[in-house]
Number of protein chains: 2
Amino acid sequence: MSRPEPLSPEVNAAVDAILEAILYLYTESRRITKEVAKRASLTGPQLTVVKILEQIGDLSLSELSDRIRAQNSTVTGIIDRMEREGLVDRVRSTEDRRVVRIRLTKKGFALAREVSVEPMEMFRAALDELSGIEQRDLLTILTKLAKRVQMMVHDGRKET
Amino acid sequence: MSRPEPLSPEVNAAVDAILEAILYLYTESRRITKEVAKRASLTGPQLTVVKILEQIGDLSLSELSDRIRAQNSTVTGIIDRMEREGLVDRVRSTEDRRVVRIRLTKKGFALAREVSVEPMEMFRAALDELSGIEQRDLLTILTKLAKRVQMMVHDGRKET
DNA sequence: GCAAGATGTTTCGCGTGCGAAATATCGATG
DNA sequence: CATCGATATTTCGCACGCGAAACATCTTGC
């Protein structure tokens, strides 16, 4: 809503530093996921999908897209390649024939069990070294921040 | 370093939430950059490159890669397309003929001036709504976290 | 029951993004 | 000065990742 005022320089510096840190953490987390996935001859996104399906069972393609925060068209491609490798099956739903349910195959389950290590182990360890208070603060502030951004995005789109 | 112990469930939940928030913020920041870039018929990375070159002048391809945290091979592609559009020039360095310096063209500069809005305006606004204390805390904790991860990555790579 | 719109998925074209191998040049060592 | 290892960039093949358009199926209004 209220259009952002020009901010003071030191705030800008802090913002830059915060964004820098977030970018770094994100990049690193992705790199690590990829590295873990490689041990099972998977790509990062594929490992994510396998783990999700292992934990919560079949999902429609759209539900899966929501989970991993990607567009349907992206997930279609990922599932194509996983199906080709025999990791998942596409099962047309009988109730609504538009929807496709994605199901882990035996091979897929085997792989999921094999890579039991959580991809985020390193982050967990790093976070664990923070004090309990710091953890709580971090979560609180990040959540608040995410919520604000979400609101702005949601009802924004009016001003340049 | 000490191998990570299995962590308690509530810590795991907090970690998941924190990672979730970071993922969200990152994704959103990227989406916003893209949207801003679109106004100038640029892609997200291209806008980033244009803005960097505007602010600090010519850079070698490697220096540019470092700045935007991407591999050289990725940046080669980005610069290829930008050169095709007449936004930048490749200038072979005379001192060291291996290096290529990337230089904004007049057209590139014009575009950079045109998109004067900071892509991160929305984040700045969101962060600005946090209290000063929260901002400081967030920065402190994120920095600490990034540093820890960095250390782990740096001297890790020993255990499975 | 059927036309019109809504919803779920795929297709297409394009732009990243990466790692490994190729290429070009530099610098040091003999 | 020939060669060998280091450094800068490009090429290649592949896997995302997106938005727009196409397609299939469902639902609603009539």
# chains A, B, ... in the order shown; residues from 1 in each chain; ligands from 1

call {"tool": "interface_residues", "arguments": {"of": "chain D", "to": "chain B", "cutoff": "9 Å", "atoms": "only C-alpha atoms (C1' of nucleotides)", "output": "ChimeraX atom specification"}}
result
/D:7-11

call {"tool": "interface_residues", "arguments": {"of": "chain C", "to": "chain A", "cutoff": "8 Å", "atoms": "only C-alpha atoms (C1' of nucleotides)", "output": "PyMOL selection string"}}
result
chain C and resi 8-10

call {"tool": "closest_atom_pairs", "arguments": {"of": "chain B", "to": "chain A", "cutoff": "6 Å", "atoms": "only C-alpha atoms", "output": "Markdown table"}}
result
| residue | atom | partner | partner_atom | distance |
| --- | --- | --- | --- | --- |
| B:Pro4 | CA | A:Ala125 | CA | 5.5 |
| B:Ile18 | CA | A:Leu139 | CA | 5.5 |
| B:Ala125 | CA | A:Pro4 | CA | 5.4 |
| B:Ala126 | CA | A:Arg148 | CA | 5.9 |
| B:Leu139 | CA | A:Ile18 | CA | 5.5 |
| B:Arg148 | CA | A:Ala126 | CA | 5.9 |

call {"tool": "atom_distance", "arguments": {"atom1": "atom CA of Glu85 of chain B", "atom2": "atom CA of Ile68 of chain B"}}
result
20.3 Å

call {"tool": "select_by_dssp", "arguments": {"residues": "segment 81-151 of chain A", "states": "strand (DSSP E or B)", "output": "PyMOL selection string"}}
result
chain A and resi 88-92+100-104

call {"tool": "write_last_selection", "arguments": {"atoms": "N, CA, C and O atoms", "output": "compact mmCIF listing (two decimals), in the first residue's frame"}}
result
# COMPACT_ATOMS: atom_id res chain seq x y z
N VAL A 88 8.85 -43.09 -11.51
CA VAL A 88 7.45 -42.80 -11.19
C VAL A 88 6.54 -43.29 -12.32
O VAL A 88 6.99 -43.54 -13.44
N ASP A 89 5.26 -43.43 -11.99
CA ASP A 89 4.23 -43.72 -12.99
C ASP A 89 3.24 -42.58 -13.04
O ASP A 89 2.99 -41.92 -12.02
N ARG A 90 2.67 -42.36 -14.22
CA ARG A 90 1.54 -41.45 -14.35
C ARG A 90 0.27 -42.29 -14.35
O ARG A 90 0.12 -43.18 -15.20
N VAL A 91 -0.61 -41.99 -13.41
CA VAL A 91 -1.87 -42.73 -13.37
C VAL A 91 -3.02 -41.76 -13.56
O VAL A 91 -3.20 -40.85 -12.75
N ARG A 92 -3.79 -41.96 -14.63
CA ARG A 92 -4.92 -41.07 -14.88
C ARG A 92 -5.97 -41.30 -13.81
O ARG A 92 -6.37 -42.45 -13.58
N VAL A 100 -3.76 -36.13 -13.42
CA VAL A 100 -2.79 -37.22 -13.49
C VAL A 100 -2.17 -37.38 -12.11
O VAL A 100 -1.71 -36.40 -11.53
N ARG A 101 -2.21 -38.57 -11.58
CA ARG A 101 -1.56 -38.77 -10.29
C ARG A 101 -0.17 -39.35 -10.51
O ARG A 101 0.02 -40.25 -11.32
N ILE A 102 0.78 -38.81 -9.75
CA ILE A 102 2.16 -39.26 -9.87
C ILE A 102 2.44 -40.24 -8.74
O ILE A 102 2.20 -39.93 -7.58
N ARG A 103 2.95 -41.42 -9.09
CA ARG A 103 3.14 -42.47 -8.10
C ARG A 103 4.56 -43.01 -8.18
O ARG A 103 5.07 -43.26 -9.28
N LEU A 104 5.19 -43.19 -7.06
CA LEU A 104 6.52 -43.78 -7.04
C LEU A 104 6.45 -45.24 -7.47
O LEU A 104 5.56 -45.98 -7.05

call {"tool": "closest_residue", "arguments": {"among": "A:Gln55, A:Thr33, A:Thr74, A:Ser65", "to": "DA15 of chain D", "atoms": "only C-alpha atoms (C1' of nucleotides)"}}
result
A:Thr74

call {"tool": "residues_around", "arguments": {"residues": "DC4 of chain D", "least_positions_apart": "5", "cutoff": "12 Å", "atoms": "only C-alpha atoms (C1' of nucleotides)", "output": "PyMOL selection string"}}
result
chain C and resi 26-30

call {"tool": "residues_around", "arguments": {"residues": "DG5 of chain C", "least_positions_apart": "4", "cutoff": "12 Å", "atoms": "only C-alpha atoms (C1' of nucleotides)", "output": "compact mmCIF listing (two decimals) with all heavy atoms, in the first residue's frame"}}
result
# COMPACT_ATOMS: atom_id res chain seq x y z
P DC D 26 -13.92 -35.98 -17.18
OP1 DC D 26 -13.60 -36.89 -16.05
OP2 DC D 26 -14.86 -36.38 -18.24
O5' DC D 26 -14.41 -34.61 -16.55
C5' DC D 26 -13.70 -34.10 -15.42
C4' DC D 26 -14.24 -32.73 -15.09
O4' DC D 26 -14.25 -31.91 -16.26
C3' DC D 26 -15.69 -32.71 -14.56
O3' DC D 26 -15.69 -32.08 -13.30
C2' DC D 26 -16.46 -31.94 -15.63
C1' DC D 26 -15.36 -31.07 -16.23
N1 DC D 26 -15.62 -30.61 -17.62
C2 DC D 26 -15.77 -29.25 -17.87
O2 DC D 26 -15.70 -28.44 -16.93
N3 DC D 26 -15.98 -28.83 -19.15
C4 DC D 26 -16.03 -29.73 -20.13
N4 DC D 26 -16.22 -29.27 -21.37
C5 DC D 26 -15.87 -31.12 -19.91
C6 DC D 26 -15.67 -31.52 -18.64
P DT D 27 -16.97 -32.12 -12.35
OP1 DT D 27 -16.51 -32.13 -10.95
OP2 DT D 27 -17.86 -33.18 -12.87
O5' DT D 27 -17.65 -30.72 -12.66
C5' DT D 27 -16.86 -29.54 -12.58
C4' DT D 27 -17.71 -28.33 -12.92
O4' DT D 27 -17.80 -28.16 -14.36
C3' DT D 27 -19.15 -28.39 -12.42
O3' DT D 27 -19.44 -27.13 -11.84
C2' DT D 27 -19.97 -28.65 -13.67
C1' DT D 27 -19.13 -27.91 -14.71
N1 DT D 27 -19.25 -28.35 -16.13
C2 DT D 27 -19.32 -27.39 -17.11
O2 DT D 27 -19.31 -26.21 -16.89
N3 DT D 27 -19.40 -27.90 -18.38
C4 DT D 27 -19.42 -29.22 -18.77
O4 DT D 27 -19.47 -29.55 -19.94
C5 DT D 27 -19.35 -30.17 -17.68
C7 DT D 27 -19.38 -31.64 -17.97
C6 DT D 27 -19.28 -29.70 -16.43
P DT D 28 -20.73 -26.95 -10.87
OP1 DT D 28 -20.23 -26.87 -9.50
OP2 DT D 28 -21.76 -27.94 -11.23
O5' DT D 28 -21.23 -25.50 -11.34
C5' DT D 28 -20.41 -24.70 -12.20
C4' DT D 28 -21.25 -23.99 -13.23
O4' DT D 28 -21.27 -24.71 -14.48
C3' DT D 28 -22.73 -23.80 -12.85
O3' DT D 28 -23.02 -22.41 -12.94
C2' DT D 28 -23.50 -24.63 -13.87
C1' DT D 28 -22.54 -24.63 -15.04
N1 DT D 28 -22.64 -25.79 -15.99
C2 DT D 28 -22.61 -25.53 -17.33
O2 DT D 28 -22.52 -24.41 -17.80
N3 DT D 28 -22.66 -26.64 -18.13
C4 DT D 28 -22.75 -27.96 -17.71
O4 DT D 28 -22.80 -28.88 -18.52
C5 DT D 28 -22.79 -28.16 -16.28
C7 DT D 28 -22.89 -29.54 -15.72
C6 DT D 28 -22.73 -27.07 -15.50
P DG D 29 -24.43 -21.84 -12.43
OP1 DG D 29 -24.12 -20.70 -11.53
OP2 DG D 29 -25.28 -22.96 -11.96
O5' DG D 29 -25.09 -21.26 -13.77
C5' DG D 29 -24.24 -20.71 -14.79
C4' DG D 29 -25.06 -20.53 -16.04
O4' DG D 29 -25.06 -21.76 -16.81
C3' DG D 29 -26.54 -20.20 -15.80
O3' DG D 29 -26.95 -19.23 -16.74
C2' DG D 29 -27.25 -21.53 -15.99
C1' DG D 29 -26.38 -22.22 -17.03
N9 DG D 29 -26.34 -23.67 -16.93
C8 DG D 29 -26.37 -24.43 -15.79
N7 DG D 29 -26.30 -25.72 -16.03
C5 DG D 29 -26.22 -25.81 -17.42
C6 DG D 29 -26.12 -26.96 -18.25
O6 DG D 29 -26.08 -28.14 -17.93
N1 DG D 29 -26.07 -26.60 -19.59
C2 DG D 29 -26.10 -25.30 -20.06
N2 DG D 29 -26.04 -25.15 -21.38
N3 DG D 29 -26.20 -24.23 -19.30
C4 DG D 29 -26.24 -24.57 -17.99

call {"tool": "select_by_dssp", "arguments": {"residues": "segment 62-129 of chain A", "states": "helix (DSSP H, G or I)", "output": "ChimeraX atom specification"}}
result
/A:62-67,72-84,106-114,121-128

call {"tool": "write_last_selection", "arguments": {"atoms": "C-alpha atoms", "output": "PDB file, in the first residue's frame"}}
result
ATOM      1  CA  SER A  62      -0.673 -29.681  -9.737  1.00  0.00           C
ATOM      2  CA  GLU A  63      -0.347 -30.604  -6.086  1.00  0.00           C
ATOM      3  CA  LEU A  64       3.250 -31.536  -6.744  1.00  0.00           C
ATOM      4  CA  SER A  65       3.853 -28.228  -8.511  1.00  0.00           C
ATOM      5  CA  ASP A  66       2.525 -26.371  -5.485  1.00  0.00           C
ATOM      6  CA  ARG A  67       4.759 -28.340  -3.139  1.00  0.00           C
ATOM      7  CA  ASN A  72       3.043 -27.125 -14.006  1.00  0.00           C
ATOM      8  CA  SER A  73       4.955 -26.937 -17.251  1.00  0.00           C
ATOM      9  CA  THR A  74       8.218 -27.283 -15.348  1.00  0.00           C
ATOM     10  CA  VAL A  75       7.024 -30.276 -13.367  1.00  0.00           C
ATOM     11  CA  THR A  76       5.707 -31.972 -16.483  1.00  0.00           C
ATOM     12  CA  GLY A  77       9.258 -32.008 -17.782  1.00  0.00           C
ATOM     13  CA  ILE A  78      10.720 -33.315 -14.523  1.00  0.00           C
ATOM     14  CA  ILE A  79       8.137 -36.102 -14.382  1.00  0.00           C
ATOM     15  CA  ASP A  80       8.739 -36.938 -18.037  1.00  0.00           C
ATOM     16  CA  ARG A  81      12.371 -37.633 -17.300  1.00  0.00           C
ATOM     17  CA  MET A  82      11.619 -39.515 -14.095  1.00  0.00           C
ATOM     18  CA  GLU A  83       9.064 -41.668 -15.882  1.00  0.00           C
ATOM     19  CA  ARG A  84      11.586 -42.416 -18.582  1.00  0.00           C
ATOM     20  CA  LYS A 106       9.264 -49.825  -6.684  1.00  0.00           C
ATOM     21  CA  LYS A 107      12.497 -48.519  -8.096  1.00  0.00           C
ATOM     22  CA  GLY A 108      11.542 -45.045  -6.958  1.00  0.00           C
ATOM     23  CA  PHE A 109      10.828 -46.208  -3.437  1.00  0.00           C
ATOM     24  CA  ALA A 110      14.080 -48.104  -3.302  1.00  0.00           C
ATOM     25  CA  LEU A 111      15.963 -44.973  -4.278  1.00  0.00           C
ATOM     26  CA  ALA A 112      14.080 -42.897  -1.736  1.00  0.00           C
ATOM     27  CA  ARG A 113      15.071 -45.298   1.013  1.00  0.00           C
ATOM     28  CA  GLU A 114      18.637 -45.389  -0.188  1.00  0.00           C
ATOM     29  CA  GLU A 121      21.701 -31.809   6.993  1.00  0.00           C
ATOM     30  CA  MET A 122      24.353 -29.169   6.743  1.00  0.00           C
ATOM     31  CA  PHE A 123      21.871 -26.389   7.297  1.00  0.00           C
ATOM     32  CA  ARG A 124      20.397 -28.167  10.216  1.00  0.00           C
ATOM     33  CA  ALA A 125      23.825 -28.476  11.719  1.00  0.00           C
ATOM     34  CA  ALA A 126      24.614 -24.827  11.096  1.00  0.00           C
ATOM     35  CA  LEU A 127      21.304 -23.729  12.547  1.00  0.00           C
ATOM     36  CA  ASP A 128      21.811 -26.022  15.495  1.00  0.00           C
TER      37      ASP A 128
END

call {"tool": "atom_distance", "arguments": {"atom1": "atom CA of Gly57 of chain B", "atom2": "atom C1' of DC18 of chain C"}}
result
27.1 Å

call {"tool": "atom_distance", "arguments": {"atom1": "atom C1' of DG17 of chain C", "atom2": "atom CA of Glu54 of chain B"}}
result
24.0 Å
